[in-house]
file run_9.csv (CSV, C-alpha atoms)
chain,number,residue,atom,x,y,z
A,27,LYS,CA,-96.0,110.6,-120.5
A,28,SER,CA,-94.3,113.7,-119.1
A,29,VAL,CA,-91.0,111.8,-118.6
A,30,LYS,CA,-91.2,110.2,-122.0
A,31,ASP,CA,-91.9,113.5,-123.7
A,32,SER,CA,-89.0,115.1,-121.7
A,33,ILE,CA,-86.3,112.6,-122.6
A,34,GLU,CA,-87.2,110.7,-125.8
A,35,SER,CA,-85.7,113.3,-128.2
A,36,LYS,CA,-82.6,114.1,-126.2
A,37,ARG,CA,-79.1,112.7,-126.2
A,38,TYR,CA,-77.4,112.4,-122.8
A,39,SER,CA,-73.7,112.3,-122.2
A,40,THR,CA,-74.1,111.2,-118.6
A,41,ILE,CA,-76.6,109.1,-116.7
A,42,ASN,CA,-76.8,111.9,-114.1
A,43,GLU,CA,-78.3,114.2,-116.8
A,44,LEU,CA,-80.9,111.7,-117.6
A,45,PHE,CA,-81.8,111.1,-114.0
A,46,LYS,CA,-82.1,114.9,-113.5
A,47,ASP,CA,-84.5,115.3,-116.4
A,48,VAL,CA,-86.6,112.4,-115.2
A,49,GLY,CA,-86.8,113.9,-111.7
A,50,VAL,CA,-87.7,117.3,-113.0
A,51,ALA,CA,-90.4,115.9,-115.3
A,52,LEU,CA,-91.9,114.0,-112.4
A,53,LEU,CA,-91.7,117.0,-110.1
A,54,HIS,CA,-93.6,119.2,-112.6
A,55,SER,CA,-96.2,116.6,-113.8
A,56,MET,CA,-97.3,114.8,-110.6
A,57,GLY,CA,-99.7,116.5,-108.2
A,58,GLY,CA,-99.5,116.7,-104.4
A,59,ALA,CA,-96.7,115.2,-102.5
A,60,SER,CA,-96.3,112.4,-105.1
A,61,GLY,CA,-94.2,114.6,-107.4
A,62,VAL,CA,-91.8,115.7,-104.7
A,63,VAL,CA,-91.4,112.1,-103.4
A,64,PHE,CA,-91.1,110.4,-106.8
A,65,SER,CA,-88.8,113.0,-108.2
A,66,SER,CA,-86.5,112.5,-105.2
A,67,ILE,CA,-85.7,109.0,-106.4
A,68,PHE,CA,-84.0,110.5,-109.4
A,69,LEU,CA,-82.9,113.9,-108.1
A,70,GLY,CA,-81.4,112.3,-105.0
A,71,ALA,CA,-78.4,111.2,-107.1
A,72,ALA,CA,-77.6,114.7,-108.2
A,73,HIS,CA,-74.4,115.0,-106.2
A,74,ILE,CA,-72.9,111.7,-107.4
A,75,PRO,CA,-70.0,112.3,-109.9
A,76,ASN,CA,-71.0,112.0,-113.5
A,77,LEU,CA,-71.5,108.5,-114.8
A,78,GLU,CA,-71.2,107.8,-118.5
A,79,ASN,CA,-72.2,104.1,-118.4
A,80,LEU,CA,-75.2,102.4,-116.9
A,81,ASN,CA,-74.4,99.2,-115.3
A,82,THR,CA,-75.7,97.4,-112.2
A,83,LYS,CA,-73.2,99.0,-109.9
A,84,ASN,CA,-73.9,102.5,-111.1
A,85,LEU,CA,-77.7,102.0,-111.1
A,86,TYR,CA,-77.5,100.7,-107.5
A,87,HIS,CA,-75.5,103.8,-106.4
A,88,LEU,CA,-77.9,106.2,-108.1
A,89,LEU,CA,-81.0,104.5,-106.7
A,90,ARG,CA,-79.5,104.1,-103.3
A,91,GLU,CA,-79.0,107.9,-103.1
A,92,GLY,CA,-82.6,108.3,-104.3
A,93,LEU,CA,-83.9,105.9,-101.6
A,94,ILE,CA,-82.0,107.8,-98.9
A,95,LYS,CA,-83.5,111.1,-100.2
A,96,VAL,CA,-87.0,109.7,-100.3
A,97,LYS,CA,-86.7,108.3,-96.8
A,98,GLU,CA,-85.4,111.7,-95.5
A,99,LYS,CA,-88.3,113.6,-97.1
A,100,GLY,CA,-91.1,111.2,-96.3
A,101,LYS,CA,-89.9,109.7,-93.0
A,102,ALA,CA,-91.4,106.3,-94.0
A,103,LYS,CA,-89.8,102.9,-93.5
A,104,LEU,CA,-90.4,99.3,-94.6
A,105,GLY,CA,-93.8,98.2,-93.5
A,106,ASP,CA,-95.4,101.6,-93.5
A,107,LYS,CA,-97.3,100.8,-96.7
A,108,THR,CA,-95.5,103.2,-98.9
A,109,MET,CA,-93.3,103.2,-102.0
A,110,ILE,CA,-90.4,102.3,-99.7
A,111,ASP,CA,-91.9,98.8,-99.4
A,112,ALA,CA,-91.0,98.2,-103.1
A,113,LEU,CA,-88.1,100.6,-103.6
A,114,GLU,CA,-85.9,99.5,-100.7
A,115,PRO,CA,-86.0,95.7,-101.5
A,116,ALA,CA,-85.3,96.5,-105.1
A,117,VAL,CA,-82.3,98.7,-104.2
A,118,ILE,CA,-81.0,96.0,-101.8
A,119,THR,CA,-81.3,93.5,-104.6
A,120,LEU,CA,-79.3,95.7,-106.9
A,121,GLU,CA,-76.6,95.9,-104.3
A,122,LYS,CA,-76.5,92.1,-104.0
A,123,GLU,CA,-76.4,91.8,-107.8
A,124,GLU,CA,-73.7,94.6,-108.3
A,125,ASN,CA,-71.5,92.3,-110.3
A,126,SER,CA,-74.3,90.8,-112.4
A,127,ASP,CA,-75.3,92.1,-115.8
A,128,LEU,CA,-77.9,94.8,-115.8
A,129,GLU,CA,-80.7,92.7,-117.3
A,130,THR,CA,-80.4,89.9,-114.7
A,131,ALA,CA,-80.1,92.4,-111.9
A,132,LEU,CA,-83.1,94.4,-113.0
A,133,GLU,CA,-85.2,91.3,-113.3
A,134,LYS,CA,-84.3,90.3,-109.7
A,135,ALA,CA,-84.9,93.9,-108.5
A,136,LEU,CA,-88.3,93.9,-110.3
A,137,ASN,CA,-89.2,90.6,-108.5
A,138,ALA,CA,-88.2,92.2,-105.2
A,139,ALA,CA,-90.3,95.3,-105.9
A,140,GLU,CA,-93.3,93.2,-106.8
A,141,THR,CA,-92.9,91.1,-103.6
A,142,GLY,CA,-92.8,94.4,-101.7
A,143,VAL,CA,-96.0,95.5,-103.4
A,144,GLN,CA,-97.7,92.2,-102.3
A,145,LYS,CA,-96.6,92.7,-98.7
A,146,THR,CA,-98.2,96.1,-98.6
A,147,LYS,CA,-101.6,94.3,-98.7
A,148,ASP,CA,-100.9,93.1,-95.2
A,149,CYS,CA,-100.1,96.5,-93.7
A,150,VAL,CA,-102.1,99.3,-92.3
A,151,ALA,CA,-101.3,102.6,-94.1
A,152,LYS,CA,-99.4,105.1,-92.0
A,153,PHE,CA,-98.9,107.8,-94.6
A,154,GLY,CA,-100.8,109.7,-97.3
A,155,ARG,CA,-104.6,109.7,-97.7
A,156,ALA,CA,-104.8,105.9,-97.1
A,157,LYS,CA,-103.8,106.4,-93.5
A,158,PHE,CA,-107.3,107.7,-92.8
A,159,LEU,CA,-108.6,104.2,-93.7
A,160,ASN,CA,-106.8,102.7,-90.8
A,161,GLU,CA,-107.6,98.9,-90.7
A,162,ARG,CA,-109.7,99.2,-93.9
A,163,SER,CA,-106.4,99.7,-95.8
A,164,ILE,CA,-105.5,96.1,-95.2
A,165,GLY,CA,-106.0,94.0,-98.3
A,166,ILE,CA,-105.3,96.8,-100.7
A,167,GLN,CA,-101.8,97.2,-102.3
A,168,ASP,CA,-100.1,100.6,-101.9
A,169,ALA,CA,-100.3,102.8,-105.0
A,170,GLY,CA,-96.8,104.2,-104.5
A,171,ALA,CA,-95.2,100.8,-104.1
A,172,THR,CA,-97.1,99.7,-107.3
A,173,THR,CA,-95.7,102.7,-109.2
A,174,VAL,CA,-92.2,101.8,-108.1
A,175,SER,CA,-92.7,98.2,-109.3
A,176,LEU,CA,-93.9,99.6,-112.7
A,177,MET,CA,-90.8,101.8,-112.9
A,178,PHE,CA,-88.6,98.7,-112.4
A,179,LYS,CA,-90.7,96.8,-114.9
A,180,SER,CA,-90.2,99.5,-117.5
A,181,MET,CA,-86.5,99.6,-116.9
A,182,TYR,CA,-86.2,95.8,-117.1
A,183,LYS,CA,-88.3,95.7,-120.3
A,184,PHE,CA,-86.2,98.5,-121.9
A,185,ILE,CA,-82.9,96.8,-121.1
A,186,SER,CA,-84.0,93.3,-122.0
A,187,GLU,CA,-85.3,94.6,-125.4
A,188,LYS,CA,-82.0,96.4,-126.0
A,189,SER,CA,-80.0,93.3,-125.2
A,190,ARG,CA,-81.9,91.3,-127.8
A,191,LYS,CA,-81.1,93.8,-130.6

call {"tool": "encode", "arguments": {"input": "run_9.csv", "output": "structure tokens"}}
result
Amino acid sequence: KSVKDSIESKRYSTINELFKDVGVALLHSMGGASGVVFSSIFLGAAHIPNLENLNTKNLYHLLREGLIKVKEKGKAKLGDKTMIDALEPAVITLEKEENSDLETALEKALNAAETGVQKTKDCVAKFGRAKFLNERSIGIQDAGATTVSLMFKSMYKFISEKSRK
């Protein structure tokens, strides 16, 4: 809701400005470490030259920088039962689909993120509060990975609806 409230009435001349506003809204509205980590996805791309058009290649570069920033801050890697388990496969998919239209690429990235979420059910949590559950965390999907898949689902839904108009 905070992100929607922050961006829905604004006009953006660059994708970077949009990513910055999304990142700041997440940072200020999410509690604990979640706000810092999730805002990093969007604020991690702050140093990329201004991009005026959103296409698959640009989205890949923006999110790759965000992934790098999240991994630097959180120190997590694939298989640690974190948001990385959904974000990294989605970003890798965007790289592979760099020359595809945005709708197709986002659909594939969403599928990769959702597969990553399912894989977290087989992992023992190594970060966050869930790490205290040890083996009891097996069978439960990671909340951060789930949130990342929902972000990709929202992006895909938005782009696919726009393309049908």

call {"tool": "residues_around", "arguments": {"input": "run_9.csv", "residues": "A:Glu133", "least_positions_apart": "5", "cutoff": "10 Å", "atoms": "only C-alpha atoms", "output": "mmCIF file with C-alpha atoms, in the frame of the given file"}}
result
data_model
loop_
_atom_site.group_PDB
_atom_site.id
_atom_site.type_symbol
_atom_site.label_atom_id
_atom_site.label_comp_id
_atom_site.auth_asym_id
_atom_site.auth_seq_id
_atom_site.Cartn_x
_atom_site.Cartn_y
_atom_site.Cartn_z
ATOM 1 C CA ALA A 116 -85.300 96.500 -105.100
ATOM 2 C CA THR A 119 -81.300 93.500 -104.600
ATOM 3 C CA LEU A 120 -79.300 95.700 -106.900
ATOM 4 C CA LEU A 128 -77.900 94.800 -115.800
ATOM 5 C CA ALA A 138 -88.200 92.200 -105.200
ATOM 6 C CA ALA A 139 -90.300 95.300 -105.900
ATOM 7 C CA PHE A 178 -88.600 98.700 -112.400
ATOM 8 C CA LYS A 179 -90.700 96.800 -114.900
ATOM 9 C CA MET A 181 -86.500 99.600 -116.900
ATOM 10 C CA TYR A 182 -86.200 95.800 -117.100
ATOM 11 C CA LYS A 183 -88.300 95.700 -120.300
ATOM 12 C CA ILE A 185 -82.900 96.800 -121.100
ATOM 13 C CA SER A 186 -84.000 93.300 -122.000
#

call {"tool": "closest_residue", "arguments": {"input": "run_9.csv", "among": "A:Gly142, A:Pro75, A:Gly49, A:Gly61", "to": "A:Met109", "atoms": "only C-alpha atoms"}}
result
A:Gly142

call {"tool": "atom_distance", "arguments": {"input": "run_9.csv", "atom1": "atom CA of A:Ala72", "atom2": "atom CA of A:Asn42"}}
result
6.6 Å

call {"tool": "axis_aligned_box", "arguments": {"input": "run_9.csv", "around": "stretch 65-68 of chain A", "padding_each_side": "8 Å", "output": "lines of an AutoDock Vina configuration file"}}
result
center_x = -86.4
center_y = 111.0
center_z = -107.3
size_x = 20.8
size_y = 20.0
size_z = 20.2

call {"tool": "residues_around", "arguments": {"input": "run_9.csv", "residues": "A:Lys107", "least_positions_apart": "3", "cutoff": "12 Å", "atoms": "all atoms listed in the file", "output": "ChimeraX atom specification"}}
result
/A:102-104,110-113,142-157,160,163-172

call {"tool": "atom_distance", "arguments": {"input": "run_9.csv", "atom1": "atom CA of A:Thr82", "atom2": "atom CA of A:Val117"}}
result
10.5 Å

call {"tool": "closest_residue", "arguments": {"input": "run_9.csv", "among": "A:His73, A:Lys83, A:His54, A:Arg37", "to": "A:Leu132", "atoms": "only C-alpha atoms"}}
result
A:Lys83

call {"tool": "residues_around", "arguments": {"input": "run_9.csv", "residues": "A:Ala51", "least_positions_apart": "6", "cutoff": "12 Å", "atoms": "all atoms listed in the file", "output": "ChimeraX atom specification"}}
result
/A:27-33,44-45,57,61-62,64-66,68-69

call {"tool": "atom_distance", "arguments": {"input": "run_9.csv", "atom1": "atom CA of A:Met177", "atom2": "atom CA of A:Leu136"}}
result
8.7 Å
